[in-house]
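Participant: Okay, here's the structure, questions in a sec.
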Amino acid sequence: MRYSNDRPPVITLTTGPVNAYGEVLRGLGRSLLYDHDPAFQAFYERLVGKAQTAMRLSNKPVLMQGEPVLGLEAAAASLIARTDTVLNLASGVYGKGFASWARRHTPNVLEIEVPYNQAIDPQAVDEMLKAHPEISVVCVCHHETPSGTINPINQIGALVAAHGAYMIVDAVSSFGGMDTHPEDCRADLYVTGPSKCLGSPPGLTMLGVSQRAWDKMKANKDAPRASVLSIVDWENAWSRDKPFPFTPSIAELNGMDVALDLYLDEGPETVWARHALTARATRAGVKALGLSLWAACEAIASPTTTTIRTPDGIDEAKLRQAARERYGVVLSGGRGATQGKLTRIGHMGPTAQPIYAIAGLTAFAGALNALGHRVETGRGIDAAMAVIDTPPAD
Ligand SMILES: *Cc1c(COP(=O)(O)O)cnc(C)c1O
């Protein structure tokens with residue numbers, strides 16, 4: 001049997017965007033209220049309240065009209081002034097990329113970079129902060145999605161706060177899939193979105209903003225205003241009594257509203273647990289197949305993405321194409337510096353269910369066998385099932 005590239009696949013096990021929850025897709029079909037209609041303004045205020053609850057914030061988050069790259073660019077543009085010194089932490093493609101946005105706003109950018117299968121060591125951050133008292137903004141990516149690795153942002157955030165600097169966090173592909181919130185890591189700007197672990201379509205940014213970040217952005221003469229990159233413009237837009245700077249993305253907000261209801265009703269802890277279990281089962285399967293995880297150690301392996309090092313002699317793109325053609329399963333490849341070196345199985349939102357570990361492993365193992373790299377598929381499945389069927393510790 002062959003699945004055509006011209007037809008949708010059977011299962012999408014990507015690392016975002018993900019196939020949205022069915023309820024979210026139906027939510028996208030709600031009628032589009034006029035943004036000046038009081039009913040829409042009341043809806044928007046409630047929606048921002050739900051995002052605040054989900055993000056466990058003590059103030060209102062900002063919803064921006066563009067997928068989180070817009071939020072990241074806006075964070076750099078709004079917070080960083082030409083007098084700032086930025087410390088950029090790079091353990092992967094996104095962290096590395098942030099420096100290019102930071103450099104648009106200040107010439108003073110320092111960096112700590114580690115190999116892309118490792119995590120940032122808080123000790124190194126501490127030493128850098130001590131050696132450079134002038135560091136005023138620290139930027140870090142929580143889950144380096146192209147590597148499937150997690151940085152210790154709560155520890156890093158405590159050091160940054162003690163130093164008195166501001167911290168910008170990219171938590172786009174971790175928020176909603178594990179226990180991470182802006183105030184836990186003391187982020188000043190915490191950028192995430194609904195299109196990864198919340199299982200909603202791409203097109204929006206959710207942004208946590210600390211009070212001191214508001215003060216700094218409002219005082220920053222270089223911060224964009226009357227612009228899609230402006231954060232400052234949206235400060236009071238959550239309130240039904242205040243106008244929007246420009247038209248909100250109404251359909252996507254309808255979808256996100258459902259995604260937040262699903263997340264809060266299921267219970268965040270329950271949602272995180274199924275992400276973690278799916279990842280644990282997948283990792284056990286990968287190892288039992290005799291393959292290597294990309295992450296230098298399992299302690300830093302993401303609960304929302306499992307990353308497998310491509311065996312020598314295998315063309316990674318052909319491997320994913322075989323999984324799609326033979327089984328209708330879409331997996332993610334690497335990005336930038338990790339392209340061609342690894343394959344990623346996403347466990348985000350609706351696919352963060354243990355049974356998808358079996359589907360992902362089976363498709364991956366079948367594709368490897370098809371390319372002539374022999375693995376015993378059953379071994380991987382047995383190992384994953386053993387994890388899935390282990391009763392919880394408590
Ligand atoms: C998905 C993602 C983003 C958003 O960027 P796109 O590549 O455009 O989807 C930003 N940061 C991280 C870490 C992400 O995983």
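Identifiers for the structure tokens are assigned positionally: chains receive A, B, ... in sequence, residues are indexed from 1 per chain, and ligands are indexed from 1 in the order shown.
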For ligand 1, list the contacting residues at 7 Å or closer, counting only C-alpha atoms and all ligand atoms, as a list in words.
Facilitator: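 Residues lying within 7 Å of ligand 1: Gly16, Pro17, Glu67, Pro68, Val69, Tyr94, Cys141, His143, Glu144, Thr145, Asp170, Ala171, Val172, Ser173 and Lys196 of chain A.
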Participant: Give me the residues near segment 316-332 of chain A as a list in words, where near means some atom within 7 Å (using only C-alpha atoms) and where sequence neighbours in that chain fewer than 5 positions away do not count.
Facilitator: Met1, Arg2, Tyr3, Ser4, Pro9, Val10, Ile11, Thr12, Leu13, Thr14, Thr15, Thr310, Gly340, Lys341, Leu342, Thr343, Arg344, Ile345, Ala363, Phe364, Ala367 and Leu368 of chain A
Participant: Could you write out that same residue set with N, CA and C atoms as a PDB file, in the first residue's frame?
Facilitator:
```
ATOM      1  N   MET A   1       0.839  -1.198   0.000  1.00  0.00           N
ATOM      2  CA  MET A   1       0.000   0.000   0.000  1.00  0.00           C
ATOM      3  C   MET A   1       0.877   1.252   0.000  1.00  0.00           C
ATOM      4  N   ARG A   2       0.441   2.274  -0.759  1.00  0.00           N
ATOM      5  CA  ARG A   2       1.194   3.528  -0.826  1.00  0.00           C
ATOM      6  C   ARG A   2       0.255   4.704  -0.564  1.00  0.00           C
ATOM      7  N   TYR A   3       0.682   5.634   0.249  1.00  0.00           N
ATOM      8  CA  TYR A   3      -0.096   6.857   0.487  1.00  0.00           C
ATOM      9  C   TYR A   3       0.436   7.961  -0.419  1.00  0.00           C
ATOM     10  N   SER A   4      -0.457   8.615  -1.120  1.00  0.00           N
ATOM     11  CA  SER A   4      -0.044   9.658  -2.059  1.00  0.00           C
ATOM     12  C   SER A   4       0.323  10.944  -1.318  1.00  0.00           C
ATOM     13  N   PRO A   9      -2.244  12.982   5.099  1.00  0.00           N
ATOM     14  CA  PRO A   9      -1.757  11.758   5.740  1.00  0.00           C
ATOM     15  C   PRO A   9      -2.792  11.189   6.704  1.00  0.00           C
ATOM     16  N   VAL A  10      -2.472  10.019   7.281  1.00  0.00           N
ATOM     17  CA  VAL A  10      -3.369   9.400   8.274  1.00  0.00           C
ATOM     18  C   VAL A  10      -3.148  10.042   9.644  1.00  0.00           C
ATOM     19  N   ILE A  11      -1.882  10.165  10.017  1.00  0.00           N
ATOM     20  CA  ILE A  11      -1.554  10.703  11.347  1.00  0.00           C
ATOM     21  C   ILE A  11      -0.416  11.731  11.199  1.00  0.00           C
ATOM     22  N   THR A  12      -0.593  12.880  11.830  1.00  0.00           N
ATOM     23  CA  THR A  12       0.444  13.912  11.827  1.00  0.00           C
ATOM     24  C   THR A  12       1.086  13.949  13.208  1.00  0.00           C
ATOM     25  N   LEU A  13       2.332  13.460  13.290  1.00  0.00           N
ATOM     26  CA  LEU A  13       3.031  13.427  14.582  1.00  0.00           C
ATOM     27  C   LEU A  13       4.183  14.428  14.542  1.00  0.00           C
ATOM     28  N   THR A  14       3.851  15.664  14.217  1.00  0.00           N
ATOM     29  CA  THR A  14       4.865  16.689  14.042  1.00  0.00           C
ATOM     30  C   THR A  14       5.090  17.467  15.335  1.00  0.00           C
ATOM     31  N   THR A  15       6.064  18.358  15.271  1.00  0.00           N
ATOM     32  CA  THR A  15       6.432  19.153  16.443  1.00  0.00           C
ATOM     33  C   THR A  15       5.859  20.566  16.332  1.00  0.00           C
ATOM     34  N   THR A 310      19.822  10.260  13.398  1.00  0.00           N
ATOM     35  CA  THR A 310      19.724   9.478  12.165  1.00  0.00           C
ATOM     36  C   THR A 310      20.905   8.502  12.083  1.00  0.00           C
ATOM     37  N   GLY A 340      18.737  16.936   8.595  1.00  0.00           N
ATOM     38  CA  GLY A 340      19.444  15.779   8.034  1.00  0.00           C
ATOM     39  C   GLY A 340      20.102  14.898   9.079  1.00  0.00           C
ATOM     40  N   LYS A 341      20.155  15.401  10.329  1.00  0.00           N
ATOM     41  CA  LYS A 341      20.864  14.643  11.372  1.00  0.00           C
ATOM     42  C   LYS A 341      19.920  13.923  12.311  1.00  0.00           C
ATOM     43  N   LEU A 342      18.658  14.296  12.279  1.00  0.00           N
ATOM     44  CA  LEU A 342      17.722  13.733  13.256  1.00  0.00           C
ATOM     45  C   LEU A 342      16.302  13.741  12.696  1.00  0.00           C
ATOM     46  N   THR A 343      15.481  12.888  13.328  1.00  0.00           N
ATOM     47  CA  THR A 343      14.040  12.869  13.051  1.00  0.00           C
ATOM     48  C   THR A 343      13.333  13.151  14.377  1.00  0.00           C
ATOM     49  N   ARG A 344      12.215  13.878  14.284  1.00  0.00           N
ATOM     50  CA  ARG A 344      11.484  14.210  15.513  1.00  0.00           C
ATOM     51  C   ARG A 344      10.064  13.650  15.455  1.00  0.00           C
ATOM     52  N   ILE A 345       9.683  13.037  16.575  1.00  0.00           N
ATOM     53  CA  ILE A 345       8.295  12.593  16.748  1.00  0.00           C
ATOM     54  C   ILE A 345       7.674  13.545  17.757  1.00  0.00           C
ATOM     55  N   ALA A 363       5.979   3.388  12.576  1.00  0.00           N
ATOM     56  CA  ALA A 363       6.229   4.010  11.273  1.00  0.00           C
ATOM     57  C   ALA A 363       7.717   4.273  11.074  1.00  0.00           C
ATOM     58  N   PHE A 364       8.362   4.738  12.155  1.00  0.00           N
ATOM     59  CA  PHE A 364       9.786   5.039  12.066  1.00  0.00           C
ATOM     60  C   PHE A 364      10.592   3.750  11.814  1.00  0.00           C
ATOM     61  N   ALA A 367      10.031   2.375   8.331  1.00  0.00           N
ATOM     62  CA  ALA A 367      10.741   3.167   7.322  1.00  0.00           C
ATOM     63  C   ALA A 367      12.229   2.828   7.323  1.00  0.00           C
ATOM     64  N   LEU A 368      12.795   2.651   8.520  1.00  0.00           N
ATOM     65  CA  LEU A 368      14.217   2.272   8.596  1.00  0.00           C
ATOM     66  C   LEU A 368      14.440   0.931   7.898  1.00  0.00           C
TER      67      LEU A 368
END
```
Participant: Would you mind telling me which residue in A:Glu23, A:Glu111, A:Asp241, A:Glu252 lies nearest to Gly193 of chain A when using only C-alpha atoms?
Facilitator: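 Of A:Glu23, A:Glu111, A:Asp241, A:Glu252, the one nearest Gly193 of chain A, counting only C-alpha atoms, is A:Glu252.
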Participant: Have a look at A:Asn369, A:Gln52, A:Asn220, A:Ser91 and name the one nearest to His105 of chain A; count only C-alpha atoms.
Facilitator: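 So, comparing all the options, the nearest one is A:Asn220.
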Participant: Do you know which residues are at most 12 Å from Asp37 of chain A counting only C-alpha atoms, after dropping those on the same chain fewer than 3 positions away, and could you put them as a ChimeraX atom specification?
Facilitator: /A:32-34,40-44,240-241,243-244
Participant: Take atom CA of Val375 of chain A and atom CA of Glu298 of chain A and report the distance between them in Å, one decimal.
Facilitator: 21.6 Å
Participant: Go through A:Leu204, A:Ile150, A:Leu253, A:Ile381 and flag the residue nearest Cys297 of chain A, using only C-alpha atoms for the distances.
Facilitator: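 Under the stated criterion, the closest residue is A:Ile150.
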Participant: Could you work out how far atom CA of Asp121 of chain A lies from atom CA of Ala296 of chain A, giving the answer in Å with one decimal?
Facilitator: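 Distance reported for this atom pair: 13.1 Å.
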Participant: As a PyMOL selection string, which residues of segment 63-218 of chain A does DSSP assign to helix (DSSP H, G or I)?
Facilitator: chain A and resi 68-79+93-103+122-131+153-163+211-218
Participant: With only C-alpha atoms as the counted atoms, please give the residues lying no more than 9 Å from segment 174-179 of chain A, apart from itself and same-chain residues fewer than 4 positions off, as a short mmCIF file (atom, residue, chain, number, x, y, z; two decimals) with N, CA and C atoms, in the first residue's frame.
Facilitator:
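Result file follows (around-v1.cif):
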```cif
data_model
loop_
_atom_site.label_atom_id
_atom_site.label_comp_id
_atom_site.auth_asym_id
_atom_site.auth_seq_id
_atom_site.Cartn_x
_atom_site.Cartn_y
_atom_site.Cartn_z
N ALA A 54 -4.56 29.99 32.53
CA ALA A 54 -3.71 28.91 32.02
C ALA A 54 -2.24 29.23 32.24
N MET A 55 -1.87 30.50 32.06
CA MET A 55 -0.46 30.89 32.20
C MET A 55 -0.10 31.17 33.66
N HIS A 142 13.22 27.96 25.89
CA HIS A 142 12.99 26.88 26.87
C HIS A 142 13.12 25.51 26.23
N HIS A 143 12.26 25.24 25.26
CA HIS A 143 12.33 23.96 24.56
C HIS A 143 12.87 24.21 23.16
N THR A 145 12.98 23.17 20.06
CA THR A 145 12.19 22.19 19.32
C THR A 145 13.02 21.44 18.26
N ILE A 150 15.48 20.58 26.59
CA ILE A 150 14.90 21.56 27.50
C ILE A 150 16.00 22.30 28.26
N ASP A 170 11.46 32.14 25.18
CA ASP A 170 10.68 31.50 24.11
C ASP A 170 10.21 30.16 24.67
N THR A 192 4.63 32.52 24.03
CA THR A 192 4.16 31.20 23.66
C THR A 192 2.98 31.35 22.70
N GLY A 193 2.32 30.25 22.42
CA GLY A 193 1.23 30.33 21.46
C GLY A 193 0.37 29.09 21.53
N PRO A 194 -0.76 29.12 20.83
CA PRO A 194 -1.70 28.00 20.91
C PRO A 194 -1.42 26.87 19.91
N LYS A 196 1.09 24.80 19.36
CA LYS A 196 1.90 23.62 19.66
C LYS A 196 1.13 22.77 20.68
N CYS A 197 1.46 22.87 21.95
CA CYS A 197 0.88 21.94 22.92
C CYS A 197 -0.59 22.20 23.24
N LEU A 198 -1.13 23.35 22.89
CA LEU A 198 -2.55 23.60 23.14
C LEU A 198 -3.43 23.06 22.00
N TYR A 263 -7.96 22.61 27.77
CA TYR A 263 -6.77 22.51 28.64
C TYR A 263 -7.16 22.66 30.11
N PRO A 268 -4.48 20.97 33.76
CA PRO A 268 -3.11 21.08 33.26
C PRO A 268 -2.21 19.92 33.68
N GLU A 269 -2.31 19.51 34.96
CA GLU A 269 -1.43 18.43 35.43
C GLU A 269 -1.68 17.14 34.63
N VAL A 271 -2.86 16.99 31.56
CA VAL A 271 -2.35 17.21 30.20
C VAL A 271 -0.83 17.01 30.18
N TRP A 272 -0.14 17.59 31.15
CA TRP A 272 1.33 17.44 31.17
C TRP A 272 1.71 15.97 31.32
N ALA A 273 0.94 15.24 32.18
CA ALA A 273 1.27 13.83 32.46
C ALA A 273 1.16 13.00 31.18
N ARG A 274 0.15 13.29 30.33
CA ARG A 274 0.07 12.45 29.11
C ARG A 274 1.16 12.84 28.10
N HIS A 275 1.58 14.11 28.10
CA HIS A 275 2.74 14.46 27.27
C HIS A 275 3.98 13.70 27.75
N ALA A 276 4.21 13.73 29.06
CA ALA A 276 5.42 13.10 29.62
C ALA A 276 5.42 11.59 29.38
N SER A 302 12.96 16.46 25.89
CA SER A 302 11.67 17.14 26.01
C SER A 302 10.51 16.17 26.19
N PRO A 303 9.51 16.54 27.00
CA PRO A 303 8.29 15.73 27.08
C PRO A 303 7.32 16.00 25.92
N THR A 304 7.67 16.94 25.03
CA THR A 304 6.73 17.25 23.94
C THR A 304 7.29 16.87 22.56
N HIS A 347 4.91 15.07 20.36
CA HIS A 347 3.83 14.66 21.28
C HIS A 347 3.24 15.96 21.81
N MET A 348 2.40 16.57 21.02
CA MET A 348 1.88 17.89 21.37
C MET A 348 0.37 17.90 21.23
N GLY A 349 -0.30 18.36 22.28
CA GLY A 349 -1.75 18.51 22.23
C GLY A 349 -2.44 17.19 21.95
N ALA A 352 -0.38 13.95 22.07
CA ALA A 352 0.27 13.59 23.33
C ALA A 352 -0.59 12.54 24.01
#
```
Participant: Take atom CA of Arg280 of chain A and atom CA of Val387 of chain A and report the distance between them in Å, one decimal.
Facilitator: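 These atoms are spaced 7.1 Å apart.
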